file my_file-v4.csv (CSV, C-alpha atoms)
chain,number,residue,atom,x,y,z
A,1,LEU,CA,94.8,113.5,86.4
A,2,ARG,CA,92.7,113.6,83.2
A,3,GLU,CA,92.0,110.7,80.9
A,4,GLY,CA,94.9,110.2,78.6
A,5,GLU,CA,97.1,112.7,80.4
A,6,SER,CA,100.8,112.2,81.3
A,7,LEU,CA,101.5,113.8,84.7
A,8,GLY,CA,105.0,114.2,86.0
A,9,ILE,CA,105.6,114.3,89.7
A,10,ILE,CA,108.9,115.7,90.9
A,11,GLY,CA,110.5,117.0,94.1
A,12,ARG,CA,113.3,116.4,96.4
A,13,ASN,CA,113.9,113.1,98.2
A,14,GLY,CA,111.3,112.9,101.0
A,15,ALA,CA,108.8,115.3,99.3
A,16,GLY,CA,106.1,112.7,99.2
A,17,LYS,CA,106.2,111.5,95.6
A,18,SER,CA,106.4,107.8,96.3
A,19,THR,CA,104.0,108.1,99.2
A,20,LEU,CA,101.4,109.6,96.8
A,21,LEU,CA,101.7,106.7,94.5
A,22,LYS,CA,101.5,104.2,97.4
A,23,LEU,CA,98.3,105.9,98.5
A,24,LEU,CA,96.8,105.7,95.1
A,25,ALA,CA,97.8,102.0,94.8
A,26,GLY,CA,96.3,101.2,98.1
A,27,VAL,CA,99.6,100.1,99.6
A,28,THR,CA,99.4,102.9,102.2
A,29,PHE,CA,96.3,104.4,103.7
A,30,PRO,CA,95.9,108.2,104.2
A,31,THR,CA,95.9,109.6,107.8
A,32,SER,CA,93.3,112.1,106.5
A,33,GLY,CA,91.5,112.7,103.3
A,34,GLU,CA,91.1,110.1,100.6
A,35,ALA,CA,92.6,108.9,97.4
A,36,LYS,CA,90.2,108.1,94.5
A,37,ILE,CA,90.9,106.2,91.3
A,38,GLN,CA,88.4,106.0,88.5
A,39,GLY,CA,89.3,103.2,86.1
A,40,THR,CA,91.8,100.4,86.3
A,41,PHE,CA,95.1,101.1,87.9
A,42,SER,CA,98.5,99.5,87.8
A,43,SER,CA,101.7,100.7,89.4
A,44,LEU,CA,105.4,100.0,89.4
A,45,LEU,CA,106.6,101.1,92.8
A,46,GLU,CA,109.8,100.2,94.5
A,47,VAL,CA,111.8,97.4,92.8
A,48,GLY,CA,110.8,94.1,94.4
A,49,THR,CA,107.3,95.2,95.6
A,50,GLY,CA,105.0,92.2,94.9
A,51,PHE,CA,107.8,89.7,94.4
A,52,HIS,CA,109.0,86.8,96.5
A,53,PRO,CA,112.8,86.1,96.4
A,54,ASP,CA,112.5,82.3,96.6
A,55,LEU,CA,110.1,82.0,93.7
A,56,SER,CA,111.3,81.8,90.1
A,57,GLY,CA,110.9,84.8,87.8
A,58,ARG,CA,108.1,82.9,86.0
A,59,ASP,CA,106.2,82.3,89.3
A,60,ASN,CA,106.8,85.9,90.3
A,61,ILE,CA,105.1,87.1,87.2
A,62,PHE,CA,101.9,85.3,88.3
A,63,LEU,CA,102.3,86.4,91.9
A,64,ASN,CA,102.8,90.1,91.0
A,65,ALA,CA,99.9,90.0,88.6
A,66,SER,CA,97.6,88.4,91.2
A,67,ILE,CA,98.6,91.2,93.7
A,68,LEU,CA,97.6,93.7,91.0
A,69,GLY,CA,94.2,91.9,90.6
A,70,ILE,CA,95.0,90.3,87.2
A,71,GLN,CA,93.6,86.9,86.6
A,72,LYS,CA,95.9,84.0,85.8
A,73,ARG,CA,94.5,83.3,82.3
A,74,ALA,CA,95.1,87.0,81.3
A,75,ILE,CA,98.7,86.6,82.3
A,76,GLU,CA,99.0,83.2,80.6
A,77,SER,CA,98.0,84.8,77.3
A,78,GLU,CA,100.7,87.5,77.7
A,79,LEU,CA,103.4,85.3,79.4
A,80,ALA,CA,105.7,84.8,76.4
A,81,LYS,CA,105.5,88.6,75.6
A,82,ILE,CA,106.3,89.5,79.2
A,83,ILE,CA,109.3,87.2,79.4
A,84,ALA,CA,110.6,88.3,76.0
A,85,PHE,CA,110.2,92.0,76.8
A,86,SER,CA,112.0,91.6,80.2
A,87,GLY,CA,115.1,90.1,78.5
A,88,VAL,CA,115.6,87.7,81.3
A,89,GLU,CA,114.5,84.6,79.4
A,90,LYS,CA,117.7,82.7,80.3
A,91,TYR,CA,117.0,83.1,84.1
A,92,ILE,CA,113.2,83.0,84.2
A,93,ASN,CA,113.1,79.7,86.0
A,94,GLN,CA,115.8,80.7,88.6
A,95,PRO,CA,114.8,82.1,92.0
A,96,LEU,CA,114.4,85.9,92.0
A,97,ARG,CA,117.0,86.2,94.8
A,98,THR,CA,119.6,85.4,92.1
A,99,TYR,CA,118.5,88.4,89.9
A,100,SER,CA,120.3,91.8,90.0
A,101,SER,CA,118.1,94.8,90.9
A,102,GLY,CA,118.2,95.7,87.2
A,103,MET,CA,116.8,92.2,86.2
A,104,ARG,CA,114.1,92.5,88.8
A,105,LEU,CA,113.1,96.0,87.4
A,106,ARG,CA,113.1,94.5,83.9
A,107,LEU,CA,110.7,91.8,85.0
A,108,ALA,CA,108.4,94.2,87.0
A,109,PHE,CA,108.3,96.7,84.1
A,110,ALA,CA,107.6,93.9,81.6
A,111,ILE,CA,104.5,92.9,83.7
A,112,ILE,CA,103.2,96.5,83.8
A,113,ALA,CA,103.9,97.0,80.1
A,114,HIS,CA,101.6,94.2,79.2
A,115,LEU,CA,98.7,94.8,81.5
A,116,LYS,CA,95.4,96.3,80.1
A,117,THR,CA,94.8,99.2,82.5
A,118,ASP,CA,93.6,102.7,82.2
A,119,ILE,CA,96.1,104.4,84.5
A,120,VAL,CA,99.8,103.5,84.9
A,121,ALA,CA,101.9,104.8,87.8
A,122,LEU,CA,105.6,104.5,87.4
A,123,ASP,CA,108.1,105.4,90.2
A,124,GLU,CA,111.7,105.9,89.2
A,125,VAL,CA,111.6,103.3,86.5
A,126,LEU,CA,114.5,104.8,84.6
A,127,THR,CA,117.0,104.7,87.5
A,128,VAL,CA,117.8,101.0,87.4
A,129,GLY,CA,118.9,98.9,84.4
A,130,ASP,CA,121.2,99.4,81.5
A,131,SER,CA,120.8,102.2,78.9
A,132,MET,CA,119.3,99.9,76.3
A,133,PHE,CA,116.5,98.8,78.6
A,134,GLN,CA,115.9,102.4,79.7
A,135,ILE,CA,115.3,103.3,76.0
A,136,LYS,CA,113.0,100.3,75.7
A,137,CYS,CA,111.1,101.5,78.8
A,138,MET,CA,110.7,105.0,77.4
A,139,GLN,CA,109.4,103.6,74.1
A,140,ARG,CA,106.8,101.5,76.0
A,141,ILE,CA,105.8,104.6,78.0
A,142,PHE,CA,105.3,106.5,74.7
A,143,ASP,CA,103.2,103.5,73.6
A,144,PHE,CA,101.0,103.9,76.7
A,145,LYS,CA,100.4,107.5,75.7
A,146,LYS,CA,99.5,106.5,72.1
A,147,GLU,CA,97.0,103.9,73.6
A,148,GLY,CA,95.4,106.8,75.6
A,149,LYS,CA,96.4,105.5,79.0
A,150,SER,CA,96.8,108.0,81.8
A,151,ILE,CA,100.3,108.1,83.2
A,152,LEU,CA,101.7,109.2,86.6
A,153,PHE,CA,105.5,109.4,86.2
A,154,VAL,CA,107.6,110.0,89.3
A,155,SER,CA,111.2,110.8,88.4
A,156,HIS,CA,114.3,112.8,89.3
A,157,ASN,CA,115.2,112.7,85.5
A,158,LEU,CA,113.8,116.0,84.5
A,159,SER,CA,114.7,115.4,80.8
A,160,ALA,CA,112.4,112.3,80.8
A,161,VAL,CA,109.6,114.2,82.6
A,162,GLN,CA,109.9,116.9,80.0
A,163,LYS,CA,109.7,114.4,77.1
A,164,LEU,CA,106.8,112.4,78.5
A,165,CYS,CA,104.6,114.7,80.5
A,166,GLU,CA,102.4,117.6,79.5
A,167,ARG,CA,101.8,118.6,83.1
A,168,THR,CA,103.9,118.4,86.2
A,169,LEU,CA,103.4,118.6,89.9
A,170,VAL,CA,106.2,119.7,92.2
A,171,LEU,CA,105.8,118.4,95.7
A,172,GLU,CA,107.5,119.7,98.8
A,173,GLN,CA,106.9,118.2,102.2
A,174,GLY,CA,103.8,116.4,101.0
A,175,LYS,CA,102.2,119.6,99.6
A,176,ILE,CA,101.8,120.6,95.9
A,177,VAL,CA,103.9,123.8,95.4
A,178,PHE,CA,103.4,123.8,91.6
A,179,ASP,CA,100.9,122.3,89.2
A,180,GLY,CA,101.2,123.4,85.6
A,181,ALA,CA,102.7,122.9,82.2
A,182,THR,CA,105.9,120.9,82.3
A,183,SER,CA,107.7,123.6,80.2
A,184,GLU,CA,107.1,126.0,83.1
call {"tool": "encode", "arguments": {"input": "my_file-v4.csv", "output": "structure tokens"}}
result
Amino acid sequence: LREGESLGIIGRNGAGKSTLLKLLAGVTFPTSGEAKIQGTFSSLLEVGTGFHPDLSGRDNIFLNASILGIQKRAIESELAKIIAFSGVEKYINQPLRTYSSGMRLRLAFAIIAHLKTDIVALDEVLTVGDSMFQIKCMQRIFDFKKEGKSILFVSHNLSAVQKLCERTLVLEQGKIVFDGATSE
């Protein structure tokens, strides 16, 4: 992945897309080889990763950020923006277990959307949530591109990959079977 590049990662279920992101995020460790990141890295993996169901949405913002290595004061300065972007203001002090999966995704994406990192990895962010929030997510991802962030975008939504990514990897059984221009 080159600096400022948007890389789509596609393939059938079980091809290794999410595993690749987990390796890069340090959630999973390779059985052989190594995964290297140069720069700061944030990822939105499976909905609920880095959250605790019994804590409030507000407390989960701080928990998730600390797992990502973000200091509390950095989140405090962005807290109002994160909550507003998520659209769950009305429920922010309720336990996360009372949130729908779409509400959890909104909160998780809002955190990622306001972090100052060089590389953003997004795993199926457009599969959960209403269409208005999906549009909001796409706009924020385009903002990442304008800011010069590098993006790893895993999705089954080929239209979204085509709109966002200049280059695409196709994985099959953990192997790269294509690496080239998304239009190809």
call {"tool": "closest_residue", "arguments": {"input": "my_file-v4.csv", "among": "A:Lys175, A:Arg12, A:Lys17, A:Arg2", "to": "Phe153 in chain A", "atoms": "all atoms listed in the file"}}
result
A:Lys17
call {"tool": "closest_residue", "arguments": {"input": "my_file-v4.csv", "among": "A:Phe133, A:Phe29, A:Phe85, A:Phe144", "to": "Ala110 in chain A", "atoms": "all atoms listed in the file"}}
result
A:Phe85
call {"tool": "closest_residue", "arguments": {"input": "my_file-v4.csv", "among": "A:Ser42, A:Gln94, A:Thr168, A:Gln173", "to": "Gly16 in chain A", "atoms": "all atoms listed in the file"}}
result
A:Gln173
call {"tool": "closest_residue", "arguments": {"input": "my_file-v4.csv", "among": "A:Gln71, A:Ser77, A:Ser56, A:Thr182", "to": "Glu89 in chain A", "atoms": "all atoms listed in the file"}}
result
A:Ser56
call {"tool": "residues_near_point", "arguments": {"input": "my_file-v4.csv", "point": "(98.8, 109.1, 105.0)", "cutoff": "12 Å", "atoms": "all atoms listed in the file", "output": "number ranges by chain"}}
result
A: 16, 18-24, 26-35, 174
